[in-house]
Structures are given as C-alpha cells and as structure tokens.
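Engineer: One file: entry_18.cif (mmCIF, N, CA and C atoms).
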```
data_data
loop_
_atom_site.label_atom_id
_atom_site.label_comp_id
_atom_site.auth_asym_id
_atom_site.auth_seq_id
_atom_site.Cartn_x
_atom_site.Cartn_y
_atom_site.Cartn_z
N GLY A 1 -19.51 22.63 10.67
CA GLY A 1 -18.82 21.36 10.55
C GLY A 1 -19.66 20.20 11.06
N GLY A 2 -18.95 19.22 11.60
CA GLY A 2 -19.61 18.02 12.10
C GLY A 2 -19.60 16.91 11.06
N LEU A 3 -19.99 15.74 11.50
CA LEU A 3 -20.00 14.57 10.61
C LEU A 3 -21.13 14.67 9.59
N PRO A 4 -20.94 14.05 8.42
CA PRO A 4 -22.02 14.02 7.44
C PRO A 4 -23.23 13.27 8.01
N GLN A 5 -24.43 13.67 7.57
CA GLN A 5 -25.67 13.04 8.03
C GLN A 5 -25.78 11.60 7.55
N GLU A 6 -25.49 11.40 6.28
CA GLU A 6 -25.65 10.08 5.65
C GLU A 6 -24.47 9.17 5.98
N ALA A 7 -24.71 7.87 6.06
CA ALA A 7 -23.63 6.91 6.32
C ALA A 7 -22.60 6.94 5.18
N PHE A 8 -23.10 7.06 3.91
CA PHE A 8 -22.21 7.03 2.75
C PHE A 8 -22.78 7.93 1.67
N VAL A 9 -21.97 8.87 1.19
CA VAL A 9 -22.37 9.70 0.06
C VAL A 9 -21.21 9.73 -0.93
N LEU A 10 -21.50 9.31 -2.17
CA LEU A 10 -20.50 9.38 -3.23
C LEU A 10 -20.46 10.82 -3.72
N VAL A 11 -19.36 11.52 -3.43
CA VAL A 11 -19.23 12.94 -3.73
C VAL A 11 -18.75 13.14 -5.17
N ASP A 12 -17.81 12.30 -5.60
CA ASP A 12 -17.23 12.48 -6.93
C ASP A 12 -16.65 11.16 -7.40
N LYS A 13 -16.63 11.01 -8.72
CA LYS A 13 -16.06 9.82 -9.36
C LYS A 13 -15.36 10.33 -10.61
N SER A 14 -14.05 10.12 -10.69
CA SER A 14 -13.34 10.57 -11.87
C SER A 14 -12.58 9.40 -12.47
N THR A 15 -12.49 9.39 -13.80
CA THR A 15 -11.81 8.31 -14.50
C THR A 15 -10.77 8.93 -15.43
N ARG A 16 -9.57 8.34 -15.43
CA ARG A 16 -8.54 8.84 -16.34
C ARG A 16 -7.82 7.67 -16.99
N CYS A 17 -7.14 7.98 -18.07
CA CYS A 17 -6.36 6.98 -18.80
C CYS A 17 -5.09 6.68 -18.00
N ALA A 18 -4.83 5.39 -17.76
CA ALA A 18 -3.66 5.00 -16.97
C ALA A 18 -2.36 5.40 -17.68
N ARG A 19 -2.38 5.42 -19.01
CA ARG A 19 -1.17 5.70 -19.78
C ARG A 19 -0.88 7.20 -19.88
N THR A 20 -1.92 8.00 -20.15
CA THR A 20 -1.71 9.43 -20.41
C THR A 20 -2.12 10.34 -19.25
N GLY A 21 -2.97 9.82 -18.34
CA GLY A 21 -3.47 10.66 -17.24
C GLY A 21 -4.60 11.59 -17.65
N VAL A 22 -5.05 11.49 -18.91
CA VAL A 22 -6.12 12.34 -19.42
C VAL A 22 -7.48 11.86 -18.89
N ALA A 23 -8.35 12.81 -18.53
CA ALA A 23 -9.70 12.46 -18.06
C ALA A 23 -10.47 11.76 -19.16
N LEU A 24 -11.23 10.73 -18.78
CA LEU A 24 -11.98 9.93 -19.75
C LEU A 24 -13.47 10.05 -19.49
N SER A 25 -14.25 9.88 -20.55
CA SER A 25 -15.71 9.88 -20.47
C SER A 25 -16.19 8.58 -19.83
N ASN A 26 -17.28 8.67 -19.07
CA ASN A 26 -17.88 7.46 -18.51
C ASN A 26 -19.01 6.92 -19.37
N THR A 27 -19.35 7.65 -20.47
CA THR A 27 -20.44 7.19 -21.33
C THR A 27 -19.93 6.66 -22.66
N LYS A 28 -18.77 7.16 -23.12
CA LYS A 28 -18.16 6.65 -24.35
C LYS A 28 -16.79 6.08 -24.00
N VAL A 29 -16.66 4.77 -24.13
CA VAL A 29 -15.46 4.06 -23.69
C VAL A 29 -14.71 3.55 -24.92
N GLU A 30 -13.41 3.77 -24.94
CA GLU A 30 -12.61 3.37 -26.09
C GLU A 30 -11.97 2.00 -25.85
N ARG A 31 -12.06 1.15 -26.88
CA ARG A 31 -11.46 -0.19 -26.78
C ARG A 31 -9.95 -0.08 -26.55
N GLY A 32 -9.41 -1.02 -25.77
CA GLY A 32 -7.97 -1.12 -25.58
C GLY A 32 -7.37 -0.12 -24.60
N THR A 33 -8.19 0.68 -23.93
CA THR A 33 -7.65 1.63 -22.96
C THR A 33 -7.62 0.99 -21.57
N THR A 34 -6.75 1.51 -20.71
CA THR A 34 -6.72 1.10 -19.31
C THR A 34 -7.22 2.29 -18.51
N ARG A 35 -8.31 2.06 -17.76
CA ARG A 35 -8.99 3.13 -17.05
C ARG A 35 -8.71 3.05 -15.55
N GLU A 36 -8.41 4.21 -14.96
CA GLU A 36 -8.22 4.32 -13.51
C GLU A 36 -9.33 5.20 -12.96
N GLU A 37 -10.07 4.66 -11.99
CA GLU A 37 -11.20 5.39 -11.41
C GLU A 37 -10.88 5.74 -9.96
N VAL A 38 -11.19 6.97 -9.58
CA VAL A 38 -10.99 7.44 -8.21
C VAL A 38 -12.33 7.85 -7.63
N LEU A 39 -12.66 7.27 -6.47
CA LEU A 39 -13.91 7.58 -5.78
C LEU A 39 -13.64 8.55 -4.64
N THR A 40 -14.50 9.54 -4.49
CA THR A 40 -14.44 10.46 -3.35
C THR A 40 -15.79 10.34 -2.65
N PHE A 41 -15.76 10.01 -1.35
CA PHE A 41 -17.02 9.80 -0.63
C PHE A 41 -16.89 10.23 0.83
N THR A 42 -18.03 10.53 1.42
CA THR A 42 -18.05 10.87 2.85
C THR A 42 -18.60 9.69 3.64
N ALA A 43 -18.16 9.58 4.88
CA ALA A 43 -18.63 8.54 5.79
C ALA A 43 -19.16 9.21 7.05
N GLY A 44 -20.47 9.08 7.25
CA GLY A 44 -21.10 9.65 8.45
C GLY A 44 -21.00 8.73 9.65
N ARG A 45 -20.57 7.50 9.41
CA ARG A 45 -20.30 6.55 10.48
C ARG A 45 -19.23 5.59 9.97
N ARG A 46 -18.70 4.77 10.86
CA ARG A 46 -17.67 3.81 10.46
C ARG A 46 -18.26 2.84 9.44
N LEU A 47 -17.57 2.68 8.31
CA LEU A 47 -18.00 1.76 7.26
C LEU A 47 -17.07 0.56 7.29
N GLU A 48 -17.58 -0.54 7.84
CA GLU A 48 -16.80 -1.76 8.04
C GLU A 48 -16.83 -2.59 6.75
N ASN A 49 -15.65 -2.90 6.22
CA ASN A 49 -15.53 -3.74 5.01
C ASN A 49 -16.41 -3.23 3.86
N LEU A 50 -16.25 -1.97 3.53
CA LEU A 50 -16.96 -1.37 2.41
C LEU A 50 -16.54 -2.08 1.13
N LYS A 51 -17.51 -2.39 0.26
CA LYS A 51 -17.19 -3.03 -1.01
C LYS A 51 -18.10 -2.49 -2.10
N ARG A 52 -17.61 -2.58 -3.33
CA ARG A 52 -18.39 -2.14 -4.49
C ARG A 52 -18.54 -3.32 -5.44
N THR A 53 -19.79 -3.63 -5.77
CA THR A 53 -20.09 -4.69 -6.74
C THR A 53 -20.54 -4.02 -8.03
N VAL A 54 -19.96 -4.48 -9.14
CA VAL A 54 -20.33 -3.97 -10.46
C VAL A 54 -20.93 -5.13 -11.25
N ILE A 55 -22.20 -4.97 -11.64
CA ILE A 55 -22.86 -5.97 -12.48
C ILE A 55 -23.02 -5.33 -13.86
N THR A 56 -22.49 -5.99 -14.87
CA THR A 56 -22.49 -5.41 -16.22
C THR A 56 -23.38 -6.23 -17.14
N PHE A 57 -24.20 -5.51 -17.89
CA PHE A 57 -25.11 -6.10 -18.88
C PHE A 57 -24.74 -5.54 -20.25
N LYS A 58 -24.80 -6.39 -21.28
CA LYS A 58 -24.56 -5.95 -22.65
C LYS A 58 -25.83 -6.17 -23.47
N LYS A 59 -26.11 -5.21 -24.32
CA LYS A 59 -27.27 -5.35 -25.19
C LYS A 59 -26.92 -6.33 -26.30
N ILE A 60 -27.62 -7.47 -26.32
CA ILE A 60 -27.43 -8.49 -27.35
C ILE A 60 -28.78 -8.66 -28.02
N GLY A 61 -28.87 -8.23 -29.26
CA GLY A 61 -30.17 -8.18 -29.92
C GLY A 61 -31.01 -7.12 -29.24
N TRP A 62 -32.17 -7.51 -28.73
CA TRP A 62 -33.05 -6.55 -28.04
C TRP A 62 -32.94 -6.68 -26.53
N VAL A 63 -32.11 -7.59 -26.05
CA VAL A 63 -32.11 -7.95 -24.63
C VAL A 63 -30.81 -7.51 -23.95
N MET A 64 -30.94 -6.97 -22.72
CA MET A 64 -29.75 -6.68 -21.90
C MET A 64 -29.38 -7.99 -21.18
N THR A 65 -28.21 -8.54 -21.49
CA THR A 65 -27.77 -9.82 -20.96
C THR A 65 -26.59 -9.60 -20.01
N LYS A 66 -26.66 -10.22 -18.83
CA LYS A 66 -25.58 -10.08 -17.84
C LYS A 66 -24.31 -10.73 -18.39
N VAL A 67 -23.22 -9.96 -18.41
CA VAL A 67 -21.95 -10.48 -18.93
C VAL A 67 -20.87 -10.59 -17.86
N SER A 68 -21.01 -9.84 -16.75
CA SER A 68 -20.02 -9.98 -15.68
C SER A 68 -20.54 -9.41 -14.37
N GLN A 69 -19.94 -9.89 -13.30
CA GLN A 69 -20.20 -9.35 -11.96
C GLN A 69 -18.91 -9.48 -11.18
N ASP A 70 -18.42 -8.35 -10.65
CA ASP A 70 -17.24 -8.45 -9.80
C ASP A 70 -17.34 -7.48 -8.63
N THR A 71 -16.76 -7.91 -7.52
CA THR A 71 -16.81 -7.14 -6.29
C THR A 71 -15.39 -6.72 -5.91
N THR A 72 -15.23 -5.44 -5.60
CA THR A 72 -13.94 -4.91 -5.16
C THR A 72 -14.04 -4.49 -3.70
N PRO A 73 -13.23 -5.12 -2.81
CA PRO A 73 -13.21 -4.67 -1.42
C PRO A 73 -12.50 -3.32 -1.34
N LEU A 74 -13.11 -2.35 -0.67
CA LEU A 74 -12.51 -1.02 -0.56
C LEU A 74 -11.82 -0.81 0.78
N GLY A 75 -12.25 -1.56 1.80
CA GLY A 75 -11.63 -1.44 3.12
C GLY A 75 -12.59 -0.90 4.15
N THR A 76 -12.07 -0.56 5.32
CA THR A 76 -12.85 -0.01 6.42
C THR A 76 -12.50 1.47 6.57
N PHE A 77 -13.52 2.31 6.69
CA PHE A 77 -13.32 3.75 6.75
C PHE A 77 -14.01 4.31 7.97
N ASP A 78 -13.30 5.16 8.71
CA ASP A 78 -13.88 5.80 9.90
C ASP A 78 -14.73 6.99 9.50
N ALA A 79 -15.70 7.31 10.34
CA ALA A 79 -16.50 8.52 10.15
C ALA A 79 -15.58 9.72 10.30
N GLN A 80 -15.71 10.68 9.39
CA GLN A 80 -14.92 11.90 9.49
C GLN A 80 -15.56 12.98 8.63
N GLU A 81 -15.21 14.26 8.95
CA GLU A 81 -15.77 15.39 8.20
C GLU A 81 -15.22 15.42 6.78
N GLU A 82 -13.92 15.18 6.63
CA GLU A 82 -13.28 15.25 5.31
C GLU A 82 -13.66 14.02 4.49
N PRO A 83 -13.84 14.20 3.17
CA PRO A 83 -14.14 13.03 2.33
C PRO A 83 -12.94 12.07 2.24
N HIS A 84 -13.24 10.80 2.09
CA HIS A 84 -12.23 9.78 1.82
C HIS A 84 -12.01 9.72 0.31
N VAL A 85 -10.79 9.39 -0.11
CA VAL A 85 -10.47 9.23 -1.54
C VAL A 85 -9.91 7.82 -1.72
N PHE A 86 -10.46 7.09 -2.68
CA PHE A 86 -10.03 5.71 -2.91
C PHE A 86 -9.79 5.50 -4.40
N ALA A 87 -8.59 5.03 -4.75
CA ALA A 87 -8.27 4.72 -6.15
C ALA A 87 -8.53 3.24 -6.39
N LEU A 88 -9.44 2.95 -7.31
CA LEU A 88 -9.74 1.56 -7.67
C LEU A 88 -8.61 0.99 -8.51
N PRO A 89 -8.47 -0.35 -8.52
CA PRO A 89 -7.45 -0.95 -9.39
C PRO A 89 -7.74 -0.61 -10.85
N PRO A 90 -6.69 -0.41 -11.67
CA PRO A 90 -6.92 -0.10 -13.09
C PRO A 90 -7.70 -1.21 -13.78
N ARG A 91 -8.55 -0.83 -14.74
CA ARG A 91 -9.34 -1.79 -15.50
C ARG A 91 -9.01 -1.65 -16.98
N GLU A 92 -8.73 -2.78 -17.61
CA GLU A 92 -8.45 -2.77 -19.04
C GLU A 92 -9.73 -3.01 -19.81
N VAL A 93 -9.96 -2.19 -20.83
CA VAL A 93 -11.11 -2.37 -21.71
C VAL A 93 -10.65 -3.30 -22.83
N PRO A 94 -11.39 -4.38 -23.10
CA PRO A 94 -10.97 -5.31 -24.16
C PRO A 94 -10.78 -4.56 -25.49
N SER A 95 -9.82 -5.03 -26.28
CA SER A 95 -9.56 -4.34 -27.55
C SER A 95 -10.22 -5.03 -28.73
N PHE A 96 -10.76 -6.26 -28.54
CA PHE A 96 -11.35 -6.98 -29.68
C PHE A 96 -12.68 -6.36 -30.09
N ALA A 97 -13.01 -6.50 -31.37
CA ALA A 97 -14.19 -5.86 -31.95
C ALA A 97 -15.50 -6.30 -31.29
N LEU A 98 -15.57 -7.55 -30.82
CA LEU A 98 -16.79 -8.04 -30.19
C LEU A 98 -17.15 -7.28 -28.90
N ALA A 99 -16.17 -6.59 -28.33
CA ALA A 99 -16.44 -5.83 -27.10
C ALA A 99 -17.29 -4.60 -27.39
N CYS A 100 -17.33 -4.15 -28.64
CA CYS A 100 -18.11 -2.97 -29.00
C CYS A 100 -19.58 -3.20 -28.71
N GLY A 101 -20.27 -2.14 -28.31
CA GLY A 101 -21.71 -2.25 -28.08
C GLY A 101 -22.20 -1.37 -26.98
N ASP A 102 -23.47 -1.55 -26.64
CA ASP A 102 -24.13 -0.76 -25.60
C ASP A 102 -24.21 -1.59 -24.32
N TYR A 103 -23.87 -0.95 -23.21
CA TYR A 103 -23.80 -1.62 -21.92
C TYR A 103 -24.58 -0.84 -20.87
N LYS A 104 -24.94 -1.57 -19.81
CA LYS A 104 -25.52 -0.96 -18.62
C LYS A 104 -24.80 -1.59 -17.43
N THR A 105 -24.44 -0.78 -16.45
CA THR A 105 -23.85 -1.34 -15.23
C THR A 105 -24.69 -0.91 -14.04
N LYS A 106 -24.75 -1.80 -13.08
CA LYS A 106 -25.36 -1.48 -11.79
C LYS A 106 -24.23 -1.52 -10.77
N LEU A 107 -24.05 -0.43 -10.04
CA LEU A 107 -23.01 -0.33 -9.02
C LEU A 107 -23.68 -0.37 -7.66
N ILE A 108 -23.18 -1.24 -6.78
CA ILE A 108 -23.78 -1.42 -5.46
C ILE A 108 -22.68 -1.26 -4.41
N TYR A 109 -22.88 -0.32 -3.50
CA TYR A 109 -21.94 -0.10 -2.40
C TYR A 109 -22.57 -0.66 -1.13
N GLU A 110 -21.83 -1.56 -0.45
CA GLU A 110 -22.35 -2.22 0.75
C GLU A 110 -21.26 -2.27 1.82
N CYS A 111 -21.68 -2.44 3.07
CA CYS A 111 -20.72 -2.67 4.14
C CYS A 111 -21.32 -3.63 5.16
N ASP A 112 -20.46 -4.16 6.02
CA ASP A 112 -20.90 -5.09 7.06
C ASP A 112 -21.85 -4.37 8.03
N GLY A 113 -22.78 -5.14 8.61
CA GLY A 113 -23.66 -4.60 9.63
C GLY A 113 -24.85 -3.83 9.07
N GLN A 114 -25.03 -3.85 7.77
CA GLN A 114 -26.18 -3.20 7.16
C GLN A 114 -26.74 -4.12 6.09
N THR A 115 -28.04 -4.41 6.20
CA THR A 115 -28.65 -5.40 5.30
C THR A 115 -28.97 -4.82 3.93
N THR A 116 -29.20 -3.50 3.85
CA THR A 116 -29.51 -2.88 2.56
C THR A 116 -28.28 -2.16 2.03
N PRO A 117 -28.15 -2.02 0.72
CA PRO A 117 -27.00 -1.29 0.17
C PRO A 117 -26.95 0.15 0.67
N LEU A 118 -25.75 0.68 0.83
CA LEU A 118 -25.56 2.08 1.21
C LEU A 118 -25.96 2.99 0.05
N PHE A 119 -25.67 2.52 -1.17
CA PHE A 119 -25.91 3.34 -2.36
C PHE A 119 -25.89 2.44 -3.58
N THR A 120 -26.78 2.69 -4.52
CA THR A 120 -26.74 1.99 -5.80
C THR A 120 -26.92 3.01 -6.91
N GLU A 121 -26.33 2.74 -8.06
CA GLU A 121 -26.55 3.58 -9.22
C GLU A 121 -26.47 2.74 -10.48
N GLU A 122 -27.15 3.19 -11.52
CA GLU A 122 -27.10 2.52 -12.80
C GLU A 122 -26.55 3.50 -13.83
N LEU A 123 -25.64 2.99 -14.65
CA LEU A 123 -25.02 3.81 -15.69
C LEU A 123 -25.10 3.08 -17.01
N THR A 124 -25.19 3.84 -18.08
CA THR A 124 -25.13 3.23 -19.42
C THR A 124 -23.90 3.79 -20.13
N PHE A 125 -23.28 2.95 -20.95
CA PHE A 125 -22.12 3.40 -21.71
C PHE A 125 -22.00 2.60 -22.99
N THR A 126 -21.20 3.12 -23.89
CA THR A 126 -20.97 2.47 -25.17
C THR A 126 -19.47 2.23 -25.32
N ILE A 127 -19.10 1.01 -25.74
CA ILE A 127 -17.70 0.74 -26.09
C ILE A 127 -17.59 0.87 -27.59
N GLN A 128 -16.66 1.71 -28.04
CA GLN A 128 -16.51 1.99 -29.47
C GLN A 128 -15.25 1.38 -30.01
#
```
Have the structure of the file written as structure tokens, please.
Structural biologist:
Amino acid sequence: GGLPQEAFVLVDKSTRCARTGVALSNTKVERGTTREEVLTFTAGRRLENLKRTVITFKKIGWVMTKVSQDTTPLGTFDAQEEPHVFALPPREVPSFALACGDYKTKLIYECDGQTTPLFTEELTFTIQ
C-alpha cells in the first residue's frame, strides 16, 4: 500500500452518452450527442484547486486552427491510496454540418503551488 509516488496520475477516462448511458468512442464523435466524461486519478499529495484546460484545434484546409479553450475547475483533492473519481459536466456536440471534421485537443491538468502542469495529453478525433 501507501500513497502513489506521482502527484497526479490519470488512471482512467470513460465517456458515455448522457441520454442512453452507452459507452462512446473518444476518436469518432457523433454530431448532436451529449457526452459525459468521468475521470479516475490518483493523488500522491494534496492537489489544491485542480483544473483541466482543454484547447481544441480544427483542421481548416491544411492548418490546425484553434477554435476553443475552456478550463474546468475540478476542486481540491487530498492525497490518498484509493483513486479519486470525478464526473465532468456534460458536453453537447454541435449538430450542425459545419462541426464535422478532424480535431486535435490538448488537455492540461494543473493545480495551485506548481508552476508546471501535472499532466498533459494530446488527442485527435473526428466529428461525423
């Protein structure tokens, strides 16, 4: 046992349809759906004001162009052996045809008292 070594480790990320509860793909996204994402992570030390920033880029022509940036405050989490589970607010995928295309997102997890991000990841997905 004992506390995790790392300050923050993203153990699992699952996404489901808010309407049906069915698990959804993170690489192929359907227009007009409402997605609920649940994060499971460990905290090796107290994470003060943990937040997640999502920067989204859309491929327009040959160029990835920034289309949005939003930050979700997750709260403060104490160090513990058991993973924390956090349900993010539901997100609606636009239903209009212009939303279709190839996207890249950069996810940044940060907390107070640390100058560098705890964790970053980049994902690509397609809205169909």
Engineer: Pick the closest to Thr42 (chain A) from A:Thr105, A:Ser14, A:Thr71, A:Gln80: which is it, counting all atoms listed in the file?
Structural biologist: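 Answer, going by the shortest atom-to-atom distance: A:Gln80.
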Engineer: Got a sec: who's within 7 Å of Pro83 (chain A), counting all atoms listed in the file, leaving out chain neighbours fewer than 4 positions off, as a PyMOL selection string?
Structural biologist: chain A and resi 40-43
Engineer: Set the distance at 6 Å and use all atoms listed in the file: which residues neighbour region 52-68 of chain A once local chain neighbours fewer than 6 positions away are removed? I'd like the list as a ChimeraX atom specification.
Structural biologist: /A:74,102-110
Engineer: How would the residues just chosen look if you wrote them out with N, CA and C atoms as a PDB file, in the coordinates of the input?
Structural biologist:
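In the end it all went to again29.pdb:
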```
ATOM      1  N   LEU A  74     -13.110  -2.350  -0.670  1.00  0.00           N
ATOM      2  CA  LEU A  74     -12.510  -1.020  -0.560  1.00  0.00           C
ATOM      3  C   LEU A  74     -11.820  -0.810   0.780  1.00  0.00           C
ATOM      4  N   ASP A 102     -23.470  -1.550 -26.640  1.00  0.00           N
ATOM      5  CA  ASP A 102     -24.130  -0.760 -25.600  1.00  0.00           C
ATOM      6  C   ASP A 102     -24.210  -1.590 -24.320  1.00  0.00           C
ATOM      7  N   TYR A 103     -23.870  -0.950 -23.210  1.00  0.00           N
ATOM      8  CA  TYR A 103     -23.800  -1.620 -21.920  1.00  0.00           C
ATOM      9  C   TYR A 103     -24.580  -0.840 -20.870  1.00  0.00           C
ATOM     10  N   LYS A 104     -24.940  -1.570 -19.810  1.00  0.00           N
ATOM     11  CA  LYS A 104     -25.520  -0.960 -18.620  1.00  0.00           C
ATOM     12  C   LYS A 104     -24.800  -1.590 -17.430  1.00  0.00           C
ATOM     13  N   THR A 105     -24.440  -0.780 -16.450  1.00  0.00           N
ATOM     14  CA  THR A 105     -23.850  -1.340 -15.230  1.00  0.00           C
ATOM     15  C   THR A 105     -24.690  -0.910 -14.040  1.00  0.00           C
ATOM     16  N   LYS A 106     -24.750  -1.800 -13.080  1.00  0.00           N
ATOM     17  CA  LYS A 106     -25.360  -1.480 -11.790  1.00  0.00           C
ATOM     18  C   LYS A 106     -24.230  -1.520 -10.770  1.00  0.00           C
ATOM     19  N   LEU A 107     -24.050  -0.430 -10.040  1.00  0.00           N
ATOM     20  CA  LEU A 107     -23.010  -0.330  -9.020  1.00  0.00           C
ATOM     21  C   LEU A 107     -23.680  -0.370  -7.660  1.00  0.00           C
ATOM     22  N   ILE A 108     -23.180  -1.240  -6.780  1.00  0.00           N
ATOM     23  CA  ILE A 108     -23.780  -1.420  -5.460  1.00  0.00           C
ATOM     24  C   ILE A 108     -22.680  -1.260  -4.410  1.00  0.00           C
ATOM     25  N   TYR A 109     -22.880  -0.320  -3.500  1.00  0.00           N
ATOM     26  CA  TYR A 109     -21.940  -0.100  -2.400  1.00  0.00           C
ATOM     27  C   TYR A 109     -22.570  -0.660  -1.130  1.00  0.00           C
ATOM     28  N   GLU A 110     -21.830  -1.560  -0.450  1.00  0.00           N
ATOM     29  CA  GLU A 110     -22.350  -2.220   0.750  1.00  0.00           C
ATOM     30  C   GLU A 110     -21.260  -2.270   1.820  1.00  0.00           C
TER      31      GLU A 110
END
```
Engineer: Applied to this file, what does the PyMOL selection byres ((chain A and resi 90) around 8) return in terms of residues, put as a compact mmCIF listing (two decimals) with N, CA and C atoms, keeping the file's coordinate frame?
Structural biologist:
```
# COMPACT_ATOMS: atom_id res chain seq x y z
N ALA A 18 -4.83 5.39 -17.76
CA ALA A 18 -3.66 5.00 -16.97
C ALA A 18 -2.36 5.40 -17.68
N THR A 34 -6.75 1.51 -20.71
CA THR A 34 -6.72 1.10 -19.31
C THR A 34 -7.22 2.29 -18.51
N ARG A 35 -8.31 2.06 -17.76
CA ARG A 35 -8.99 3.13 -17.05
C ARG A 35 -8.71 3.05 -15.55
N GLU A 36 -8.41 4.21 -14.96
CA GLU A 36 -8.22 4.32 -13.51
C GLU A 36 -9.33 5.20 -12.96
N GLU A 37 -10.07 4.66 -11.99
CA GLU A 37 -11.20 5.39 -11.41
C GLU A 37 -10.88 5.74 -9.96
N ALA A 87 -8.59 5.03 -4.75
CA ALA A 87 -8.27 4.72 -6.15
C ALA A 87 -8.53 3.24 -6.39
N LEU A 88 -9.44 2.95 -7.31
CA LEU A 88 -9.74 1.56 -7.67
C LEU A 88 -8.61 0.99 -8.51
N PRO A 89 -8.47 -0.35 -8.52
CA PRO A 89 -7.45 -0.95 -9.39
C PRO A 89 -7.74 -0.61 -10.85
N ARG A 91 -8.55 -0.83 -14.74
CA ARG A 91 -9.34 -1.79 -15.50
C ARG A 91 -9.01 -1.65 -16.98
N GLU A 92 -8.73 -2.78 -17.61
CA GLU A 92 -8.45 -2.77 -19.04
C GLU A 92 -9.73 -3.01 -19.81
N VAL A 93 -9.96 -2.19 -20.83
CA VAL A 93 -11.11 -2.37 -21.71
C VAL A 93 -10.65 -3.30 -22.83
```
Engineer: Between atom N of Ala7 (chain A) and CA of Lys51 (chain A), measure the distance and give it in Å to one decimal.
Structural biologist: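 Atom N of Ala7 (chain A) sits 15.0 Å away from CA of Lys51 (chain A).
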Engineer: At a cut-off of 6 Å, using all atoms listed in the file, what residues contact Glu48 (chain A)? Leave out same-chain residues fewer than 3 positions from it and give the result as a VMD selection string.
Structural biologist: chain A and resid 75 to 77 111 to 112
Engineer: Could you please give me, as a PyMOL selection string, the residues of protein, DNA or RNA lying at most 10 Å from (-17.2, 8.5, 9.9) in the coordinate frame of the file, considering only C-alpha atoms?
Structural biologist: chain A and resi 3-8+42-47+77-84
Engineer: Pull N, CA and C atoms from the residues just selected and write them as a PDB file, in the frame of the given file.
Structural biologist:
```
ATOM      1  N   LEU A   3     -19.990  15.740  11.500  1.00  0.00           N
ATOM      2  CA  LEU A   3     -20.000  14.570  10.610  1.00  0.00           C
ATOM      3  C   LEU A   3     -21.130  14.670   9.590  1.00  0.00           C
ATOM      4  N   PRO A   4     -20.940  14.050   8.420  1.00  0.00           N
ATOM      5  CA  PRO A   4     -22.020  14.020   7.440  1.00  0.00           C
ATOM      6  C   PRO A   4     -23.230  13.270   8.010  1.00  0.00           C
ATOM      7  N   GLN A   5     -24.430  13.670   7.570  1.00  0.00           N
ATOM      8  CA  GLN A   5     -25.670  13.040   8.030  1.00  0.00           C
ATOM      9  C   GLN A   5     -25.780  11.600   7.550  1.00  0.00           C
ATOM     10  N   GLU A   6     -25.490  11.400   6.280  1.00  0.00           N
ATOM     11  CA  GLU A   6     -25.650  10.080   5.650  1.00  0.00           C
ATOM     12  C   GLU A   6     -24.470   9.170   5.980  1.00  0.00           C
ATOM     13  N   ALA A   7     -24.710   7.870   6.060  1.00  0.00           N
ATOM     14  CA  ALA A   7     -23.630   6.910   6.320  1.00  0.00           C
ATOM     15  C   ALA A   7     -22.600   6.940   5.180  1.00  0.00           C
ATOM     16  N   PHE A   8     -23.100   7.060   3.910  1.00  0.00           N
ATOM     17  CA  PHE A   8     -22.210   7.030   2.750  1.00  0.00           C
ATOM     18  C   PHE A   8     -22.780   7.930   1.670  1.00  0.00           C
ATOM     19  N   THR A  42     -18.030  10.530   1.420  1.00  0.00           N
ATOM     20  CA  THR A  42     -18.050  10.870   2.850  1.00  0.00           C
ATOM     21  C   THR A  42     -18.600   9.690   3.640  1.00  0.00           C
ATOM     22  N   ALA A  43     -18.160   9.580   4.880  1.00  0.00           N
ATOM     23  CA  ALA A  43     -18.630   8.540   5.790  1.00  0.00           C
ATOM     24  C   ALA A  43     -19.160   9.210   7.050  1.00  0.00           C
ATOM     25  N   GLY A  44     -20.470   9.080   7.250  1.00  0.00           N
ATOM     26  CA  GLY A  44     -21.100   9.650   8.450  1.00  0.00           C
ATOM     27  C   GLY A  44     -21.000   8.730   9.650  1.00  0.00           C
ATOM     28  N   ARG A  45     -20.570   7.500   9.410  1.00  0.00           N
ATOM     29  CA  ARG A  45     -20.300   6.550  10.480  1.00  0.00           C
ATOM     30  C   ARG A  45     -19.230   5.590   9.970  1.00  0.00           C
ATOM     31  N   ARG A  46     -18.700   4.770  10.860  1.00  0.00           N
ATOM     32  CA  ARG A  46     -17.670   3.810  10.460  1.00  0.00           C
ATOM     33  C   ARG A  46     -18.260   2.840   9.440  1.00  0.00           C
ATOM     34  N   LEU A  47     -17.570   2.680   8.310  1.00  0.00           N
ATOM     35  CA  LEU A  47     -18.000   1.760   7.260  1.00  0.00           C
ATOM     36  C   LEU A  47     -17.070   0.560   7.290  1.00  0.00           C
ATOM     37  N   PHE A  77     -13.520   2.310   6.690  1.00  0.00           N
ATOM     38  CA  PHE A  77     -13.320   3.750   6.750  1.00  0.00           C
ATOM     39  C   PHE A  77     -14.010   4.310   7.970  1.00  0.00           C
ATOM     40  N   ASP A  78     -13.300   5.160   8.710  1.00  0.00           N
ATOM     41  CA  ASP A  78     -13.880   5.800   9.900  1.00  0.00           C
ATOM     42  C   ASP A  78     -14.730   6.990   9.500  1.00  0.00           C
ATOM     43  N   ALA A  79     -15.700   7.310  10.340  1.00  0.00           N
ATOM     44  CA  ALA A  79     -16.500   8.520  10.150  1.00  0.00           C
ATOM     45  C   ALA A  79     -15.580   9.720  10.300  1.00  0.00           C
ATOM     46  N   GLN A  80     -15.710  10.680   9.390  1.00  0.00           N
ATOM     47  CA  GLN A  80     -14.920  11.900   9.490  1.00  0.00           C
ATOM     48  C   GLN A  80     -15.560  12.980   8.630  1.00  0.00           C
ATOM     49  N   GLU A  81     -15.210  14.260   8.950  1.00  0.00           N
ATOM     50  CA  GLU A  81     -15.770  15.390   8.200  1.00  0.00           C
ATOM     51  C   GLU A  81     -15.220  15.420   6.780  1.00  0.00           C
ATOM     52  N   GLU A  82     -13.920  15.180   6.630  1.00  0.00           N
ATOM     53  CA  GLU A  82     -13.280  15.250   5.310  1.00  0.00           C
ATOM     54  C   GLU A  82     -13.660  14.020   4.490  1.00  0.00           C
ATOM     55  N   PRO A  83     -13.840  14.200   3.170  1.00  0.00           N
ATOM     56  CA  PRO A  83     -14.140  13.030   2.330  1.00  0.00           C
ATOM     57  C   PRO A  83     -12.940  12.070   2.240  1.00  0.00           C
ATOM     58  N   HIS A  84     -13.240  10.800   2.090  1.00  0.00           N
ATOM     59  CA  HIS A  84     -12.230   9.780   1.820  1.00  0.00           C
ATOM     60  C   HIS A  84     -12.010   9.720   0.310  1.00  0.00           C
TER      61      HIS A  84
END
```
Engineer: In terms of the shortest atom-to-atom distance over all atoms listed in the file, which of A:Leu123, A:Ala97, A:Leu118, A:Phe86 is closest to Val9 (chain A)?
Structural biologist: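 Of A:Leu123, A:Ala97, A:Leu118, A:Phe86, the one nearest Val9 (chain A) is A:Leu118, counting all atoms listed in the file.
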